Amino acid sequence: MLDKLEMNSLVNAETGKVSRRIFVDQALYEQELEQVFARSWLYVAHESQIPNPVDFVSAYMGEDPVLVIRDSRGKINAFLNTCRHRGMRVCRADEGNAAAFTCTYHGWTYGNDGKLVGVPGYKEYYYEELDMEQWGLVPVTQVDTYKGLIFGTFDAETPPLREFLGDMAYYLDRFLDKREGGTEIIGGTHKWVVQANWKLAAENFIGDSYHFPVTHASTIRVRSLDQSYRGRGFSIRAGFGHGVLADWPVEPHMLFQGSETAQRYMIENLPEMAERLGADRMKLRYGAGGLFPNMAFLDIRPQIMVFHPRGPQKTEVWAWCFVDKAASPEVKEALRLNMLRGAGPGGITEQDDMENWNMCTASSRGFVASHHDFNYALALGREHDHEQLPGSVAPRVSEHNQRGFYGSWAKLMAGKSWSQVR
Ligand code: FES
Ligand SMILES: [Fe+2]
């Protein structure tokens, strides 16, 4: 385990120097699973995926498979999706509705509250000596929701979710709470694997405005995207490692680019949105944003993504299209198509990004290369407070948010407990 001093030599959030080793090293990766993933609030599912009693959906927290279940009384619980007998996956379906889960190896059965309720041969083979109370599914220590998003953490000491989100809640509301009824997920879960460290994907959404005109030059040309607002935008650090890239103030007709249907929808419903969130907040247009450690969002596609770690040099990406529940079927379909065109292995911008993350990872694992730091010094020291926008604000093209992200990462990696981290 690296201590605080050693961690400071890997990540210097003040100068923007970050060691490449944190993107390729196996020992650091294992420490990360324990100290970052098992101690942070992680996004696991959207409430609209489990609307009814005993609905469930499969998810991951780090490398741990979990089941998110709405129990018979409507409460949302989450458990490790692994049988207590020999570790078999208790539920092999992505989602569904089930009163109980029977393991396909030897047949232990768990209720939707996680309790072990059935053991084949309980009398004949176990002689009634197995204490079934002790062998229920392992629960996720804390589960909480924020406006439809379900999060879990394995650490009892992790600060409450609302506190963990901090100023990010203000920006999340701009997606999640624009209209009565909130949001819902449509079109299933998109999954794919990239040969890259998960942090490269996460930091890209949290803070990288710099790459857009270069990496996505072809997208800008093909879609005739108007870049004129970028000069007025901000990188905003909001809460523990979270960040958002926003243009502000943006005229209503510029709130949504890429789909005329979606653009019309925003303009028509702006009065309701402004009444709910305030006129200032509805002048925000996001490039991208992300929640520490591994969730990202884009409102122009619109999508939520999670970067599941699968080793230091491999990441499994899960993505969902989310829309306002109150939108018409026509608008929802336009948004879904907009997401498909941009996101995923075939998405016009995603392809560009993945190529970068894969090669940044591959070219950093050599012995010599791994000992030369990355540079995160863009627009260092240009941050300031803003009268209307909460958080710490810097120019749109800066690495302010990435410095915040890696600063938080290093704190968690060095701190033995949340009280030390805080
Ligand atoms: S592994 Fe599940 S019953 Fe044996
Ligand atoms: Fe990108």
# chains A, B, ... in the order shown; residues from 1 in each chain; ligands from 1
>>> residues_near_ligand(ligand="ligand 2", cutoff="7 Å", atoms="only C-alpha atoms and all ligand atoms", output="compact mmCIF listing (two decimals) with C-alpha atoms, in the first residue's frame")
# COMPACT_ATOMS: atom_id res chain seq x y z
CA ASN A 204 -12.21 13.06 -20.41
CA HIS A 211 -9.44 17.67 -27.14
CA PHE A 212 -12.73 18.44 -28.82
CA THR A 215 -10.07 14.73 -31.80
CA HIS A 216 -13.59 15.43 -33.07
CA THR A 349 -17.47 10.85 -31.37
CA GLU A 350 -17.00 7.77 -29.18
CA ASP A 352 -12.41 8.99 -31.76
CA ASP A 353 -12.23 9.04 -27.96
>>> closest_atom_pairs(of="stretch 329-422 of chain A", to="stretch 240-253 of chain A", cutoff="12 Å", atoms="only C-alpha atoms", output="CSV")
residue,atom,partner,partner_atom,distance
A:His386,CA,A:Trp248,CA,11.5
A:Gln388,CA,A:Trp248,CA,10.2
A:Leu389,CA,A:Trp248,CA,9.4
A:Pro390,CA,A:Val244,CA,11.2
A:Gly391,CA,A:Gly243,CA,9.0
A:Ser392,CA,A:Gly243,CA,9.4
A:Val393,CA,A:Val244,CA,9.8
A:Ala394,CA,A:Leu245,CA,9.8
A:Pro395,CA,A:Leu245,CA,9.5
A:Arg396,CA,A:Leu245,CA,6.5
A:Val397,CA,A:Leu245,CA,8.9
A:Ser398,CA,A:Leu245,CA,9.9
A:Glu399,CA,A:Gly243,CA,10.5
A:His400,CA,A:Gly243,CA,8.9
A:Asn401,CA,A:Gly243,CA,5.5
A:Gln402,CA,A:Gly241,CA,8.0
A:Arg403,CA,A:Gly241,CA,8.4
A:Gly404,CA,A:Gly241,CA,5.1
A:Phe405,CA,A:Gly241,CA,4.0
A:Tyr406,CA,A:Gly241,CA,7.2
A:Gly407,CA,A:Gly241,CA,7.3
A:Ser408,CA,A:Gly241,CA,5.2
A:Trp409,CA,A:Gly241,CA,7.4
A:Ala410,CA,A:Gly241,CA,10.3
A:Lys411,CA,A:Phe240,CA,10.2
A:Leu412,CA,A:Phe240,CA,10.4
A:Val421,CA,A:Phe240,CA,10.6
A:Arg422,CA,A:Phe240,CA,10.0
>>> write_last_selection(atoms="N, CA and C atoms", output="mmCIF file, in the first residue's frame")
data_model
loop_
_atom_site.group_PDB
_atom_site.id
_atom_site.type_symbol
_atom_site.label_atom_id
_atom_site.label_comp_id
_atom_site.auth_asym_id
_atom_site.auth_seq_id
_atom_site.Cartn_x
_atom_site.Cartn_y
_atom_site.Cartn_z
ATOM 1 N N HIS A 386 -17.806 32.245 -8.868
ATOM 2 C CA HIS A 386 -18.697 32.855 -9.842
ATOM 3 C C HIS A 386 -19.992 33.217 -9.124
ATOM 4 N N GLN A 388 -23.146 33.399 -10.110
ATOM 5 C CA GLN A 388 -24.337 32.572 -10.358
ATOM 6 C C GLN A 388 -24.075 31.071 -10.304
ATOM 7 N N LEU A 389 -22.857 30.667 -10.554
ATOM 8 C CA LEU A 389 -22.584 29.233 -10.705
ATOM 9 C C LEU A 389 -21.821 28.692 -9.500
ATOM 10 N N PRO A 390 -22.379 27.703 -8.791
ATOM 11 C CA PRO A 390 -21.661 27.154 -7.639
ATOM 12 C C PRO A 390 -20.453 26.314 -8.053
ATOM 13 N N GLY A 391 -19.526 26.154 -7.137
ATOM 14 C CA GLY A 391 -18.317 25.368 -7.412
ATOM 15 C C GLY A 391 -17.149 26.280 -7.718
ATOM 16 N N SER A 392 -16.061 25.677 -8.152
ATOM 17 C CA SER A 392 -14.868 26.441 -8.502
ATOM 18 C C SER A 392 -14.756 26.478 -10.021
ATOM 19 N N VAL A 393 -14.759 27.708 -10.569
ATOM 20 C CA VAL A 393 -14.940 27.913 -12.003
ATOM 21 C C VAL A 393 -13.619 28.327 -12.650
ATOM 22 N N ALA A 394 -13.311 27.731 -13.792
ATOM 23 C CA ALA A 394 -12.093 28.075 -14.545
ATOM 24 C C ALA A 394 -12.477 28.169 -16.018
ATOM 25 N N PRO A 395 -11.549 28.653 -16.870
ATOM 26 C CA PRO A 395 -11.901 28.697 -18.301
ATOM 27 C C PRO A 395 -12.332 27.324 -18.815
ATOM 28 N N ARG A 396 -13.229 27.332 -19.817
ATOM 29 C CA ARG A 396 -13.759 26.083 -20.384
ATOM 30 C C ARG A 396 -12.605 25.177 -20.818
ATOM 31 N N VAL A 397 -11.617 25.776 -21.514
ATOM 32 C CA VAL A 397 -10.458 24.976 -21.915
ATOM 33 C C VAL A 397 -9.388 25.106 -20.829
ATOM 34 N N SER A 398 -9.399 24.146 -19.931
ATOM 35 C CA SER A 398 -8.418 24.108 -18.843
ATOM 36 C C SER A 398 -8.371 22.665 -18.366
ATOM 37 N N GLU A 399 -7.453 22.372 -17.454
ATOM 38 C CA GLU A 399 -7.437 21.047 -16.838
ATOM 39 C C GLU A 399 -7.726 21.161 -15.347
ATOM 40 N N HIS A 400 -8.514 22.178 -15.032
ATOM 41 C CA HIS A 400 -8.919 22.452 -13.654
ATOM 42 C C HIS A 400 -9.681 21.259 -13.071
ATOM 43 N N ASN A 401 -10.629 20.738 -13.830
ATOM 44 C CA ASN A 401 -11.447 19.628 -13.306
ATOM 45 C C ASN A 401 -10.637 18.348 -13.168
ATOM 46 N N GLN A 402 -9.730 18.101 -14.121
ATOM 47 C CA GLN A 402 -8.897 16.897 -13.986
ATOM 48 C C GLN A 402 -8.005 16.987 -12.749
ATOM 49 N N ARG A 403 -7.478 18.194 -12.484
ATOM 50 C CA ARG A 403 -6.641 18.330 -11.277
ATOM 51 C C ARG A 403 -7.469 18.027 -10.030
ATOM 52 N N GLY A 404 -8.724 18.442 -10.048
ATOM 53 C CA GLY A 404 -9.620 18.129 -8.927
ATOM 54 C C GLY A 404 -9.883 16.636 -8.824
ATOM 55 N N PHE A 405 -10.106 16.010 -9.963
ATOM 56 C CA PHE A 405 -10.385 14.567 -10.012
ATOM 57 C C PHE A 405 -9.204 13.772 -9.440
ATOM 58 N N TYR A 406 -7.983 14.072 -9.929
ATOM 59 C CA TYR A 406 -6.822 13.303 -9.458
ATOM 60 C C TYR A 406 -6.449 13.670 -8.024
ATOM 61 N N GLY A 407 -6.737 14.906 -7.615
ATOM 62 C CA GLY A 407 -6.515 15.289 -6.218
ATOM 63 C C GLY A 407 -7.390 14.449 -5.293
ATOM 64 N N SER A 408 -8.661 14.282 -5.676
ATOM 65 C CA SER A 408 -9.580 13.478 -4.856
ATOM 66 C C SER A 408 -9.171 12.013 -4.879
ATOM 67 N N TRP A 409 -8.788 11.542 -6.043
ATOM 68 C CA TRP A 409 -8.336 10.149 -6.190
ATOM 69 C C TRP A 409 -7.148 9.882 -5.252
ATOM 70 N N ALA A 410 -6.185 10.802 -5.256
ATOM 71 C CA ALA A 410 -4.984 10.609 -4.421
ATOM 72 C C ALA A 410 -5.337 10.641 -2.938
ATOM 73 N N LYS A 411 -6.284 11.511 -2.576
ATOM 74 C CA LYS A 411 -6.695 11.576 -1.162
ATOM 75 C C LYS A 411 -7.287 10.248 -0.715
ATOM 76 N N LEU A 412 -8.144 9.668 -1.556
ATOM 77 C CA LEU A 412 -8.759 8.386 -1.192
ATOM 78 C C LEU A 412 -7.721 7.271 -1.156
ATOM 79 N N VAL A 421 -9.523 11.178 4.929
ATOM 80 C CA VAL A 421 -9.690 11.780 3.606
ATOM 81 C C VAL A 421 -10.269 13.181 3.750
ATOM 82 N N ARG A 422 -11.242 13.319 4.641
ATOM 83 C CA ARG A 422 -11.898 14.612 4.836
ATOM 84 C C ARG A 422 -10.985 15.581 5.563
#
>>> residues_near_ligand(ligand="ligand 1", cutoff="8 Å", atoms="only C-alpha atoms and all ligand atoms", output="number ranges by chain")
A: 82-90, 102-109, 119
>>> write_last_selection(atoms="N, CA and C atoms", output="compact mmCIF listing (two decimals), in the first residue's frame")
# COMPACT_ATOMS: atom_id res chain seq x y z
N THR A 82 -23.41 -12.90 -5.85
CA THR A 82 -22.55 -14.08 -5.79
C THR A 82 -23.02 -14.97 -4.64
N CYS A 83 -23.18 -16.24 -4.93
CA CYS A 83 -23.73 -17.18 -3.96
C CYS A 83 -22.76 -17.37 -2.80
N ARG A 84 -23.33 -17.43 -1.58
CA ARG A 84 -22.48 -17.57 -0.40
C ARG A 84 -21.88 -18.98 -0.30
N HIS A 85 -22.43 -19.95 -1.05
CA HIS A 85 -21.93 -21.33 -0.95
C HIS A 85 -20.59 -21.49 -1.66
N ARG A 86 -20.56 -21.24 -2.97
CA ARG A 86 -19.31 -21.41 -3.69
C ARG A 86 -19.05 -20.28 -4.69
N GLY A 87 -19.87 -19.22 -4.61
CA GLY A 87 -19.55 -18.03 -5.39
C GLY A 87 -20.22 -17.90 -6.74
N MET A 88 -21.02 -18.89 -7.12
CA MET A 88 -21.70 -18.79 -8.42
C MET A 88 -22.55 -17.51 -8.48
N ARG A 89 -22.67 -16.95 -9.68
CA ARG A 89 -23.56 -15.80 -9.87
C ARG A 89 -24.98 -16.23 -9.53
N VAL A 90 -25.60 -15.57 -8.58
CA VAL A 90 -26.94 -15.96 -8.13
C VAL A 90 -27.99 -15.65 -9.19
N THR A 102 -32.56 -18.45 -7.36
CA THR A 102 -32.03 -19.78 -7.06
C THR A 102 -30.71 -19.97 -7.80
N CYS A 103 -29.68 -20.29 -7.04
CA CYS A 103 -28.35 -20.50 -7.62
C CYS A 103 -28.38 -21.75 -8.50
N THR A 104 -27.76 -21.65 -9.68
CA THR A 104 -27.83 -22.76 -10.63
C THR A 104 -26.74 -23.82 -10.38
N TYR A 105 -25.92 -23.65 -9.33
CA TYR A 105 -24.89 -24.65 -9.06
C TYR A 105 -25.44 -25.76 -8.15
N HIS A 106 -25.78 -25.42 -6.89
CA HIS A 106 -26.33 -26.44 -5.98
C HIS A 106 -27.73 -26.12 -5.51
N GLY A 107 -28.24 -24.95 -5.92
CA GLY A 107 -29.65 -24.67 -5.67
C GLY A 107 -30.00 -23.86 -4.43
N TRP A 108 -29.03 -23.23 -3.78
CA TRP A 108 -29.42 -22.34 -2.67
C TRP A 108 -30.32 -21.24 -3.24
N THR A 109 -31.34 -20.88 -2.43
CA THR A 109 -32.31 -19.88 -2.90
C THR A 109 -32.36 -18.70 -1.94
N VAL A 119 -32.41 -24.30 0.99
CA VAL A 119 -31.15 -25.03 0.78
C VAL A 119 -31.51 -26.48 0.46
>>> atom_distance(atom1="atom CA of A:Asp280", atom2="atom CA of A:Arg232")
14.4 Å
>>> closest_residue(among="A:Lys4, A:Arg21, A:Arg179, A:Lys199", to="A:Ser364", atoms="only C-alpha atoms")
A:Arg21
>>> decode(residues="stretch 89-205 of chain A", atoms="C-alpha atoms", output="tab-separated table (two decimals), in the first residue's frame")
chain	number	residue	atom	x	y	z
A	89	ARG	CA	-23.56	-15.80	-9.87
A	90	VAL	CA	-26.94	-15.96	-8.13
A	91	CYS	CA	-28.73	-14.14	-10.93
A	92	ARG	CA	-27.51	-14.46	-14.50
A	93	ALA	CA	-30.11	-12.21	-16.14
A	94	ASP	CA	-29.48	-8.52	-16.86
A	95	GLU	CA	-32.88	-7.52	-15.53
A	96	GLY	CA	-36.29	-8.91	-14.71
A	97	ASN	CA	-38.83	-9.54	-12.01
A	98	ALA	CA	-38.34	-12.30	-9.44
A	99	ALA	CA	-39.58	-13.11	-5.96
A	100	ALA	CA	-36.49	-15.23	-5.30
A	101	PHE	CA	-33.14	-16.16	-6.84
A	102	THR	CA	-32.03	-19.78	-7.06
A	103	CYS	CA	-28.35	-20.50	-7.62
A	104	THR	CA	-27.83	-22.76	-10.63
A	105	TYR	CA	-24.89	-24.65	-9.06
A	106	HIS	CA	-26.33	-26.44	-5.98
A	107	GLY	CA	-29.65	-24.67	-5.67
A	108	TRP	CA	-29.42	-22.34	-2.67
A	109	THR	CA	-32.31	-19.88	-2.90
A	110	TYR	CA	-32.35	-16.26	-1.72
A	111	GLY	CA	-35.36	-14.01	-1.18
A	112	ASN	CA	-35.50	-10.53	-2.72
A	113	ASP	CA	-34.48	-9.21	0.70
A	114	GLY	CA	-31.22	-11.21	0.36
A	115	LYS	CA	-32.13	-13.79	3.01
A	116	LEU	CA	-31.18	-17.42	2.38
A	117	VAL	CA	-34.60	-19.08	2.25
A	118	GLY	CA	-33.97	-22.48	0.69
A	119	VAL	CA	-31.15	-25.03	0.78
A	120	PRO	CA	-31.51	-28.37	-1.06
A	121	GLY	CA	-31.00	-31.25	1.38
A	122	TYR	CA	-31.27	-29.02	4.43
A	123	LYS	CA	-32.45	-32.03	6.47
A	124	GLU	CA	-30.83	-34.98	4.70
A	125	TYR	CA	-27.40	-33.53	3.93
A	126	TYR	CA	-26.96	-30.63	6.35
A	127	TYR	CA	-28.77	-32.36	9.26
A	128	GLU	CA	-30.47	-28.99	9.91
A	129	GLU	CA	-27.16	-27.69	11.23
A	130	LEU	CA	-26.63	-24.85	8.74
A	131	ASP	CA	-27.42	-21.46	10.30
A	132	MET	CA	-29.30	-19.98	7.35
A	133	GLU	CA	-29.53	-16.56	9.05
A	134	GLN	CA	-25.76	-16.21	8.65
A	135	TRP	CA	-25.59	-17.05	4.97
A	136	GLY	CA	-27.74	-14.48	3.19
A	137	LEU	CA	-26.46	-12.42	0.24
A	138	VAL	CA	-23.86	-9.80	1.19
A	139	PRO	CA	-25.67	-6.45	1.25
A	140	VAL	CA	-24.27	-3.24	-0.24
A	141	THR	CA	-23.57	-1.25	2.92
A	142	GLN	CA	-25.33	1.98	1.92
A	143	VAL	CA	-27.87	2.48	-0.88
A	144	ASP	CA	-29.42	5.84	-1.67
A	145	THR	CA	-31.03	7.68	-4.56
A	146	TYR	CA	-30.79	11.14	-6.05
A	147	LYS	CA	-33.62	12.15	-8.38
A	148	GLY	CA	-33.95	8.75	-10.00
A	149	LEU	CA	-30.27	7.74	-9.87
A	150	ILE	CA	-29.47	4.84	-7.55
A	151	PHE	CA	-26.06	4.75	-5.88
A	152	GLY	CA	-24.37	2.31	-3.54
A	153	THR	CA	-21.23	2.18	-1.44
A	154	PHE	CA	-19.55	-0.63	0.48
A	155	ASP	CA	-18.20	1.72	3.15
A	156	ALA	CA	-20.32	2.60	6.18
A	157	GLU	CA	-18.16	5.71	6.70
A	158	THR	CA	-18.69	7.24	3.25
A	159	PRO	CA	-20.39	10.61	3.80
A	160	PRO	CA	-24.11	10.72	2.92
A	161	LEU	CA	-24.80	10.75	-0.83
A	162	ARG	CA	-26.09	14.33	-0.88
A	163	GLU	CA	-22.90	15.50	0.83
A	164	PHE	CA	-20.73	13.44	-1.54
A	165	LEU	CA	-22.44	15.07	-4.55
A	166	GLY	CA	-21.86	18.56	-3.14
A	167	ASP	CA	-22.29	21.38	-5.68
A	168	MET	CA	-22.69	18.76	-8.41
A	169	ALA	CA	-26.33	18.36	-7.39
A	170	TYR	CA	-27.03	21.84	-8.81
A	171	TYR	CA	-25.69	20.77	-12.20
A	172	LEU	CA	-27.22	17.28	-12.13
A	173	ASP	CA	-30.65	18.84	-11.61
A	174	ARG	CA	-30.26	20.56	-14.97
A	175	PHE	CA	-30.57	17.05	-16.49
A	176	LEU	CA	-32.65	15.18	-14.00
A	177	ASP	CA	-35.24	17.64	-12.83
A	178	LYS	CA	-36.12	19.79	-15.85
A	179	ARG	CA	-39.69	18.54	-16.00
A	180	GLU	CA	-42.33	17.05	-13.74
A	181	GLY	CA	-41.74	13.30	-13.38
A	182	GLY	CA	-37.95	13.48	-13.82
A	183	THR	CA	-36.14	11.19	-16.22
A	184	GLU	CA	-36.29	7.59	-17.40
A	185	ILE	CA	-33.97	5.25	-19.25
A	186	ILE	CA	-35.01	3.99	-22.66
A	187	GLY	CA	-33.51	1.46	-25.04
A	188	GLY	CA	-31.61	-0.89	-22.71
A	189	THR	CA	-27.97	-0.99	-21.63
A	190	HIS	CA	-25.16	-0.54	-24.16
A	191	LYS	CA	-21.97	-2.39	-23.20
A	192	TRP	CA	-18.53	-2.51	-24.75
A	193	VAL	CA	-14.90	-3.00	-23.74
A	194	VAL	CA	-11.96	-0.65	-24.29
A	195	GLN	CA	-8.30	-1.48	-23.78
A	196	ALA	CA	-7.72	1.59	-21.65
A	197	ASN	CA	-7.47	2.64	-18.03
A	198	TRP	CA	-10.87	3.68	-16.66
A	199	LYS	CA	-9.54	7.04	-15.41
A	200	LEU	CA	-8.69	8.22	-18.92
A	201	ALA	CA	-12.34	7.86	-19.89
A	202	ALA	CA	-13.62	9.40	-16.64
A	203	GLU	CA	-11.34	12.46	-16.77
A	204	ASN	CA	-12.21	13.06	-20.41
A	205	PHE	CA	-15.87	13.64	-19.54
